[in-house]
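File shown here: target-v5.cif, holding mmCIF, C-alpha atoms.
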```cif
data_data
#
loop_
_atom_site.group_PDB
_atom_site.id
_atom_site.type_symbol
_atom_site.label_atom_id
_atom_site.label_comp_id
_atom_site.auth_asym_id
_atom_site.auth_seq_id
_atom_site.Cartn_x
_atom_site.Cartn_y
_atom_site.Cartn_z
ATOM 1 C CA THR A 1 11.520 -1.168 -31.368
ATOM 2 C CA HIS A 2 13.101 0.088 -28.155
ATOM 3 C CA THR A 3 16.474 -0.993 -26.888
ATOM 4 C CA VAL A 4 16.672 -1.582 -23.148
ATOM 5 C CA ALA A 5 20.053 -1.568 -21.431
ATOM 6 C CA CYS A 6 21.054 -2.144 -17.814
ATOM 7 C CA LEU A 7 22.679 1.019 -16.435
ATOM 8 C CA ALA A 8 23.763 -0.291 -13.045
ATOM 9 C CA VAL A 9 23.573 -3.307 -10.745
ATOM 10 C CA PHE A 10 23.069 -2.857 -7.001
ATOM 11 C CA ARG A 11 24.109 -5.771 -4.786
ATOM 12 C CA ALA A 12 23.836 -6.107 -0.999
ATOM 13 C CA HIS A 13 20.833 -8.322 -0.273
ATOM 14 C CA VAL A 14 21.539 -12.010 0.221
ATOM 15 C CA LYS A 15 17.986 -13.063 -0.675
ATOM 16 C CA SER A 16 15.382 -12.006 -3.224
ATOM 17 C CA VAL A 17 14.397 -8.333 -3.360
ATOM 18 C CA THR A 18 10.669 -7.968 -2.687
ATOM 19 C CA ALA A 19 10.062 -4.198 -2.570
ATOM 20 C CA ILE A 20 11.435 -0.989 -4.094
ATOM 21 C CA ALA A 21 10.573 2.665 -3.361
ATOM 22 C CA ILE A 22 11.794 5.914 -4.924
ATOM 23 C CA ALA A 23 12.572 8.833 -2.593
ATOM 24 C CA PRO A 24 10.432 11.959 -3.108
ATOM 25 C CA ARG A 25 13.572 14.075 -3.479
ATOM 26 C CA GLY A 26 14.918 11.865 -6.256
ATOM 27 C CA PHE A 27 18.329 10.278 -6.860
ATOM 28 C CA PHE A 28 17.747 7.878 -3.947
ATOM 29 C CA PHE A 29 15.764 4.681 -3.612
ATOM 30 C CA ALA A 30 15.135 1.995 -1.001
ATOM 31 C CA SER A 31 15.001 -1.767 -1.284
ATOM 32 C CA GLY A 32 13.613 -4.476 0.984
ATOM 33 C CA ALA A 33 14.120 -8.215 0.698
ATOM 34 C CA LYS A 34 13.505 -11.669 2.077
ATOM 35 C CA ASP A 35 16.718 -11.272 4.094
ATOM 36 C CA LYS A 36 14.698 -8.957 6.448
ATOM 37 C CA ILE A 37 16.953 -5.979 5.637
ATOM 38 C CA ALA A 38 16.238 -2.635 3.958
ATOM 39 C CA TYR A 39 18.839 -0.468 2.237
ATOM 40 C CA ILE A 40 18.991 3.109 0.993
ATOM 41 C CA TRP A 41 20.827 3.574 -2.293
ATOM 42 C CA SER A 42 22.027 6.466 -4.423
ATOM 43 C CA THR A 43 21.664 6.215 -8.169
ATOM 44 C CA ASN A 44 25.280 7.441 -8.348
ATOM 45 C CA SER A 45 26.761 4.574 -6.336
ATOM 46 C CA ALA A 46 26.507 0.790 -6.397
ATOM 47 C CA GLN A 47 27.129 0.628 -2.640
ATOM 48 C CA PRO A 48 24.267 1.023 -0.140
ATOM 49 C CA LEU A 49 24.257 4.279 1.830
ATOM 50 C CA LYS A 50 22.275 3.062 4.837
ATOM 51 C CA ARG A 51 21.068 -0.201 6.316
ATOM 52 C CA PHE A 52 17.869 -0.818 8.319
ATOM 53 C CA SER A 53 17.181 -3.956 10.347
ATOM 54 C CA GLY A 54 14.721 -5.195 12.949
ATOM 55 C CA HIS A 55 12.191 -7.368 11.147
ATOM 56 C CA SER A 56 12.101 -11.075 11.973
ATOM 57 C CA GLU A 57 10.553 -12.101 8.631
ATOM 58 C CA ALA A 58 10.789 -11.082 4.983
ATOM 59 C CA ILE A 59 10.015 -7.466 4.071
ATOM 60 C CA ASN A 60 7.011 -7.262 1.735
ATOM 61 C CA ALA A 61 6.548 -3.494 1.221
ATOM 62 C CA ILE A 62 8.590 -0.316 1.602
ATOM 63 C CA ALA A 63 7.994 3.425 1.226
ATOM 64 C CA PHE A 64 9.391 6.870 2.001
ATOM 65 C CA SER A 65 7.351 9.400 3.935
ATOM 66 C CA ASN A 66 6.137 12.281 1.802
ATOM 67 C CA ASN A 67 8.396 14.725 3.634
ATOM 68 C CA GLY A 68 11.414 12.499 2.977
ATOM 69 C CA ASN A 69 12.314 12.170 6.663
ATOM 70 C CA TYR A 70 11.306 8.558 7.289
ATOM 71 C CA LEU A 71 11.471 5.092 5.782
ATOM 72 C CA ILE A 72 8.518 2.755 6.374
ATOM 73 C CA THR A 73 8.856 -1.017 6.048
ATOM 74 C CA SER A 74 6.294 -3.798 6.272
ATOM 75 C CA ALA A 75 7.132 -7.467 6.774
ATOM 76 C CA ASP A 76 5.649 -10.930 7.112
ATOM 77 C CA ASP A 77 6.218 -10.682 10.896
ATOM 78 C CA ARG A 78 2.968 -8.604 11.034
ATOM 79 C CA THR A 79 4.806 -5.378 11.885
ATOM 80 C CA ILE A 80 5.221 -2.038 10.161
ATOM 81 C CA ARG A 81 8.299 -0.092 11.223
ATOM 82 C CA ILE A 82 9.094 3.589 10.800
ATOM 83 C CA PHE A 83 12.783 4.547 10.750
ATOM 84 C CA GLY A 84 14.405 7.970 10.763
ATOM 85 C CA LEU A 85 16.395 8.439 7.573
ATOM 86 C CA ASP A 86 19.125 10.534 9.175
ATOM 87 C CA ASP A 87 20.042 8.227 12.059
ATOM 88 C CA CYS A 88 18.445 4.923 10.881
ATOM 89 C CA LEU A 89 16.841 4.594 14.327
ATOM 90 C CA LEU A 90 13.446 3.003 14.893
ATOM 91 C CA VAL A 91 10.759 5.608 15.543
ATOM 92 C CA ARG A 92 7.560 3.559 15.728
ATOM 93 C CA VAL A 93 6.303 -0.032 15.425
ATOM 94 C CA PHE A 94 2.755 -1.015 14.493
ATOM 95 C CA ILE A 95 1.685 -4.619 15.159
ATOM 96 C CA HIS A 96 -1.059 -5.833 12.840
ATOM 97 C CA ASP A 97 -3.563 -8.641 13.565
ATOM 98 C CA ASN A 98 -2.756 -10.660 10.473
ATOM 99 C CA GLN A 99 0.033 -10.784 7.938
ATOM 100 C CA GLN A 100 -0.207 -7.471 6.112
ATOM 101 C CA VAL A 101 0.543 -7.234 2.405
ATOM 102 C CA CYS A 102 0.315 -3.530 1.633
ATOM 103 C CA PHE A 103 0.168 -0.082 3.178
ATOM 104 C CA CYS A 104 0.082 3.587 2.256
ATOM 105 C CA LEU A 105 0.937 6.789 4.091
ATOM 106 C CA SER A 106 -1.358 9.818 4.006
ATOM 107 C CA GLU A 107 -0.170 13.010 2.315
ATOM 108 C CA SER A 108 0.232 14.683 5.737
ATOM 109 C CA ASN A 109 2.242 11.703 7.075
ATOM 110 C CA ASP A 110 -0.223 11.473 9.979
ATOM 111 C CA VAL A 111 -1.997 8.238 9.054
ATOM 112 C CA ILE A 112 -0.962 4.805 7.779
ATOM 113 C CA VAL A 113 -3.537 2.583 6.081
ATOM 114 C CA VAL A 114 -2.761 -1.155 6.143
ATOM 115 C CA GLY A 115 -4.352 -4.040 4.222
ATOM 116 C CA ASP A 116 -3.839 -7.715 5.074
ATOM 117 C CA ARG A 117 -4.377 -11.227 3.737
ATOM 118 C CA GLU A 118 -7.641 -11.670 5.656
ATOM 119 C CA GLY A 119 -9.388 -8.685 4.061
ATOM 120 C CA ILE A 120 -8.907 -6.406 7.079
ATOM 121 C CA VAL A 121 -8.001 -2.721 6.711
ATOM 122 C CA SER A 122 -6.520 -0.888 9.689
ATOM 123 C CA VAL A 123 -5.938 2.845 9.998
ATOM 124 C CA TRP A 124 -3.132 3.909 12.365
ATOM 125 C CA ASP A 125 -2.376 7.299 13.900
ATOM 126 C CA VAL A 126 1.368 7.750 13.313
ATOM 127 C CA ASP A 127 2.023 10.236 16.122
ATOM 128 C CA LYS A 128 0.082 8.348 18.800
ATOM 129 C CA GLY A 129 1.047 4.894 17.568
ATOM 130 C CA LYS A 130 -2.551 3.730 17.950
ATOM 131 C CA ARG A 131 -5.070 2.141 15.625
ATOM 132 C CA ILE A 132 -7.979 4.508 15.090
ATOM 133 C CA GLN A 133 -10.087 2.238 12.893
ATOM 134 C CA ARG A 134 -10.353 -1.365 11.757
ATOM 135 C CA PHE A 135 -12.857 -2.660 9.213
ATOM 136 C CA ASP A 136 -13.504 -5.840 7.278
ATOM 137 C CA THR A 137 -13.829 -5.544 3.505
ATOM 138 C CA CYS A 138 -15.144 -9.076 3.035
ATOM 139 C CA PRO A 139 -18.877 -8.442 3.627
ATOM 140 C CA GLN A 140 -18.980 -6.190 0.541
ATOM 141 C CA MET A 141 -16.789 -8.529 -1.486
ATOM 142 C CA LEU A 142 -18.252 -11.954 -0.861
ATOM 143 C CA LYS A 143 -21.646 -11.639 -2.523
ATOM 144 C CA GLY A 144 -21.707 -14.822 -4.561
ATOM 145 C CA VAL A 145 -17.908 -15.100 -4.694
ATOM 146 C CA PRO A 146 -16.032 -17.841 -2.798
ATOM 147 C CA ASN A 147 -14.144 -16.460 0.188
ATOM 148 C CA VAL A 148 -10.833 -17.870 -0.961
ATOM 149 C CA VAL A 149 -11.012 -15.942 -4.253
ATOM 150 C CA CYS A 150 -11.218 -12.366 -3.048
ATOM 151 C CA LYS A 151 -10.243 -12.311 0.613
ATOM 152 C CA ALA A 152 -6.726 -10.870 0.454
ATOM 153 C CA ILE A 153 -6.238 -7.148 -0.094
ATOM 154 C CA ARG A 154 -3.840 -6.352 -2.937
ATOM 155 C CA GLY A 155 -3.381 -2.634 -2.393
ATOM 156 C CA VAL A 156 -4.560 0.455 -0.500
ATOM 157 C CA LYS A 157 -4.421 4.123 -1.420
ATOM 158 C CA MET A 158 -5.549 7.390 0.182
ATOM 159 C CA THR A 159 -6.500 10.499 -1.795
ATOM 160 C CA TYR A 160 -4.400 13.650 -1.445
ATOM 161 C CA ASP A 161 -7.137 15.357 0.567
ATOM 162 C CA GLU A 162 -7.287 12.290 2.856
ATOM 163 C CA SER A 163 -11.048 11.989 2.408
ATOM 164 C CA VAL A 164 -11.206 8.636 0.624
ATOM 165 C CA ILE A 165 -9.524 5.256 1.120
ATOM 166 C CA VAL A 166 -9.325 3.024 -1.958
ATOM 167 C CA VAL A 167 -9.047 -0.709 -1.281
ATOM 168 C CA TYR A 168 -7.993 -2.935 -4.161
ATOM 169 C CA THR A 169 -8.662 -6.683 -4.030
ATOM 170 C CA ARG A 170 -8.370 -9.502 -6.529
ATOM 171 C CA SER A 171 -11.787 -8.772 -7.957
ATOM 172 C CA LYS A 172 -12.850 -5.278 -6.867
ATOM 173 C CA MET A 173 -11.871 -1.778 -5.906
ATOM 174 C CA LEU A 174 -13.805 -0.367 -2.961
ATOM 175 C CA PHE A 175 -13.984 3.332 -2.060
ATOM 176 C CA TYR A 176 -14.463 4.253 1.594
ATOM 177 C CA ASP A 177 -15.440 7.704 2.824
ATOM 178 C CA PHE A 178 -12.732 8.398 5.386
ATOM 179 C CA SER A 179 -14.422 11.616 6.533
ATOM 180 C CA GLN A 180 -17.158 9.420 8.021
ATOM 181 C CA LEU A 181 -14.571 8.059 10.407
ATOM 182 C CA ARG A 182 -14.023 11.426 12.071
ATOM 183 C CA ILE A 183 -17.730 12.207 12.242
ATOM 184 C CA GLU A 184 -19.484 8.938 13.021
ATOM 185 C CA GLY A 185 -16.705 6.456 13.685
ATOM 186 C CA SER A 186 -17.700 4.296 10.738
ATOM 187 C CA LEU A 187 -16.778 3.878 7.090
ATOM 188 C CA ASN A 188 -19.221 3.385 4.232
ATOM 189 C CA VAL A 189 -18.553 2.007 0.763
ATOM 190 C CA PHE A 190 -19.955 4.552 -1.684
ATOM 191 C CA ALA A 191 -18.512 3.276 -4.964
ATOM 192 C CA ASN A 192 -16.923 0.154 -6.345
ATOM 193 C CA PHE A 193 -15.781 -1.431 -9.582
ATOM 194 C CA GLU A 194 -17.556 -4.690 -10.302
ATOM 195 C CA ASN A 195 -15.823 -7.530 -12.149
ATOM 196 C CA LYS A 196 -17.492 -7.141 -15.521
ATOM 197 C CA ASP A 197 -18.530 -3.521 -15.993
ATOM 198 C CA CYS A 198 -15.709 -1.882 -13.980
ATOM 199 C CA GLN A 199 -17.837 1.209 -13.418
ATOM 200 C CA SER A 200 -18.744 2.872 -10.144
ATOM 201 C CA LYS A 201 -22.425 2.550 -9.383
ATOM 202 C CA ASN A 202 -22.941 6.279 -8.888
ATOM 203 C CA ARG A 203 -20.347 7.296 -11.505
ATOM 204 C CA LEU A 204 -18.224 9.213 -8.997
ATOM 205 C CA VAL A 205 -15.177 7.475 -10.386
ATOM 206 C CA SER A 206 -14.265 6.900 -14.005
ATOM 207 C CA PRO A 207 -11.331 4.546 -14.644
ATOM 208 C CA LYS A 208 -8.817 5.564 -17.302
ATOM 209 C CA VAL A 209 -7.336 2.109 -17.799
ATOM 210 C CA ILE A 210 -8.366 -1.268 -16.451
ATOM 211 C CA TRP A 211 -6.603 -4.546 -17.216
ATOM 212 C CA GLN A 212 -8.265 -7.899 -16.757
ATOM 213 C CA THR A 213 -7.288 -11.518 -17.293
ATOM 214 C CA GLU A 214 -8.851 -13.780 -19.910
ATOM 215 C CA SER A 215 -10.041 -16.190 -17.212
ATOM 216 C CA PRO A 216 -13.741 -16.657 -16.379
ATOM 217 C CA GLU A 217 -13.137 -14.946 -13.023
ATOM 218 C CA LEU A 218 -12.196 -11.697 -14.815
ATOM 219 C CA ASN A 219 -9.687 -10.806 -12.122
ATOM 220 C CA ILE A 220 -8.554 -7.192 -12.118
ATOM 221 C CA LEU A 221 -4.817 -7.000 -12.776
ATOM 222 C CA GLY A 222 -4.446 -3.257 -12.410
ATOM 223 C CA ALA A 223 -6.072 0.117 -12.832
ATOM 224 C CA GLU A 224 -5.017 3.671 -13.597
ATOM 225 C CA PHE A 225 -7.312 6.625 -12.996
ATOM 226 C CA THR A 226 -7.573 9.980 -11.242
ATOM 227 C CA TYR A 227 -9.910 10.624 -8.345
ATOM 228 C CA ARG A 228 -10.129 13.897 -6.386
ATOM 229 C CA ASN A 229 -6.914 15.104 -8.037
ATOM 230 C CA THR A 230 -5.105 11.955 -6.888
ATOM 231 C CA PRO A 231 -3.522 9.715 -9.548
ATOM 232 C CA MET A 232 -4.371 6.105 -8.749
ATOM 233 C CA PHE A 233 -2.234 3.337 -10.180
ATOM 234 C CA ILE A 234 -2.623 -0.029 -8.540
ATOM 235 C CA THR A 235 -1.307 -3.289 -9.887
ATOM 236 C CA ARG A 236 -0.705 -6.846 -8.704
#
```
Encoded form using structure tokens:
Amino acid sequence: THTVACLAVFRAHVKSVTAIAIAPRGFFFASGAKDKIAYIWSTNSAQPLKRFSGHSEAINAIAFSNNGNYLITSADDRTIRIFGLDDCLLVRVFIHDNQQVCFCLSESNDVIVVGDREGIVSVWDVDKGKRIQRFDTCPQMLKGVPNVVCKAIRGVKMTYDESVIVVYTRSKMLFYDFSQLRIEGSLNVFANFENKDCQSKNRLVSPKVIWQTESPELNILGAEFTYRNTPMFITR
């Protein structure tokens, strides 16, 4: 039996907190909430260190850049905003087609991958502020499955070498060869986890842990595995 105790309480948001991110340098974390505000906190203080505003709807995801220089926020207003951590000023805004639900930043901080409620994945060039690719995951997902069941994207991840994009939905994980984008301007699915067997068809990927519900739909709740030296942990 383990005893769990609350070490500190951090209060500033006036509405429910919807996203948390830990800074790569440690001792700091960020929070986003339905009040449209993001805060930077220190684990040594119950008062927020910095405040970020600009969204017109609730924040749904938040992250630090890998170099620790920027804070990235996503909100229900269909925008992703990049702020400088030092001055809290807005650096870049990306406007998505639909309401996005998740994003990830590449290891080099050059690319942002965004997934939305309509099954669309967009890849943005951070420096240029332009979308360099947009693709629909639904054609691969909707074979015999009602559209309403598996349309929304639950999570996206990019490998450390930036060669593969992993898209996680309610029922599948799809692996896209991102190197194809630079060569041919298109992305191809080359592996996926099916509902029941949860194995990639060509065995390029071997999951370490997969959780599923007891329902007949066998919805994937989360997965933990390593692919191309990149730990993958995605959960609902």
Expand the PyMOL selection byres ((chain A and resi 84) around 10) into the explicit residue set it covers here, and present it as a PDB file with C-alpha atoms, in the coordinates of the input.
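result21.pdb, freshly written:
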```pdb
ATOM      1  CA  PHE A  52      17.869  -0.818   8.319  1.00  0.00           C
ATOM      2  CA  SER A  65       7.351   9.400   3.935  1.00  0.00           C
ATOM      3  CA  GLY A  68      11.414  12.499   2.977  1.00  0.00           C
ATOM      4  CA  ASN A  69      12.314  12.170   6.663  1.00  0.00           C
ATOM      5  CA  TYR A  70      11.306   8.558   7.289  1.00  0.00           C
ATOM      6  CA  LEU A  71      11.471   5.092   5.782  1.00  0.00           C
ATOM      7  CA  ILE A  72       8.518   2.755   6.374  1.00  0.00           C
ATOM      8  CA  ILE A  82       9.094   3.589  10.800  1.00  0.00           C
ATOM      9  CA  PHE A  83      12.783   4.547  10.750  1.00  0.00           C
ATOM     10  CA  LEU A  85      16.395   8.439   7.573  1.00  0.00           C
ATOM     11  CA  ASP A  86      19.125  10.534   9.175  1.00  0.00           C
ATOM     12  CA  ASP A  87      20.042   8.227  12.059  1.00  0.00           C
ATOM     13  CA  CYS A  88      18.445   4.923  10.881  1.00  0.00           C
ATOM     14  CA  LEU A  89      16.841   4.594  14.327  1.00  0.00           C
ATOM     15  CA  LEU A  90      13.446   3.003  14.893  1.00  0.00           C
ATOM     16  CA  VAL A  91      10.759   5.608  15.543  1.00  0.00           C
ATOM     17  CA  ARG A  92       7.560   3.559  15.728  1.00  0.00           C
TER      18      ARG A  92
END
```
Could you give me, as a PDB file with C-alpha atoms, keeping the file's coordinate frame, the residues within 9 Å of A:Ser163, counting only C-alpha atoms and dropping anything in the same chain fewer than 5 positions from it?
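What follows is the written file result.pdb:
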```
ATOM      1  CA  MET A 158      -5.549   7.390   0.182  1.00  0.00           C
ATOM      2  CA  TYR A 176     -14.463   4.253   1.594  1.00  0.00           C
ATOM      3  CA  ASP A 177     -15.440   7.704   2.824  1.00  0.00           C
ATOM      4  CA  PHE A 178     -12.732   8.398   5.386  1.00  0.00           C
ATOM      5  CA  SER A 179     -14.422  11.616   6.533  1.00  0.00           C
ATOM      6  CA  GLN A 180     -17.158   9.420   8.021  1.00  0.00           C
TER       7      GLN A 180
END
```
Margin query: Give me the residues near A:Leu105 as a list of chain:residue names, where near means some atom within 10 Å (using all atoms listed in the file) and where sequence neighbours in that chain fewer than 2 positions away do not count.
Written below: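 The residues that qualify are A:Ala63, A:Phe64, A:Ser65, A:Asn66, A:Ile72, A:Phe103, A:Glu107, A:Ser108, A:Asn109, A:Asp110, A:Val111, A:Ile112, A:Val113, A:Val114, A:Val123, A:Trp124, A:Val126, A:Val156, A:Lys157, A:Met158, A:Glu162.
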**Q.** Residue with smallest distance to A:Arg81 - pool A:Ala152, A:Ile37, A:Ala5, A:Val121, counting all atoms listed in the file
**A.**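 The answer is A:Ile37, which sits nearest to A:Arg81.
Using all atoms listed in the file, the protein and nucleic acid residues lying no more than 8 Å from A:Ile59, apart from those fewer than 3 places from it along its own chain, are Thr18, Ala19, Gly32, Ala33, Lys34, Asp35, Lys36, Ile37, Ala38, His55, Ile62, Thr73, Ser74, Ala75 and Asp76 of chain A.
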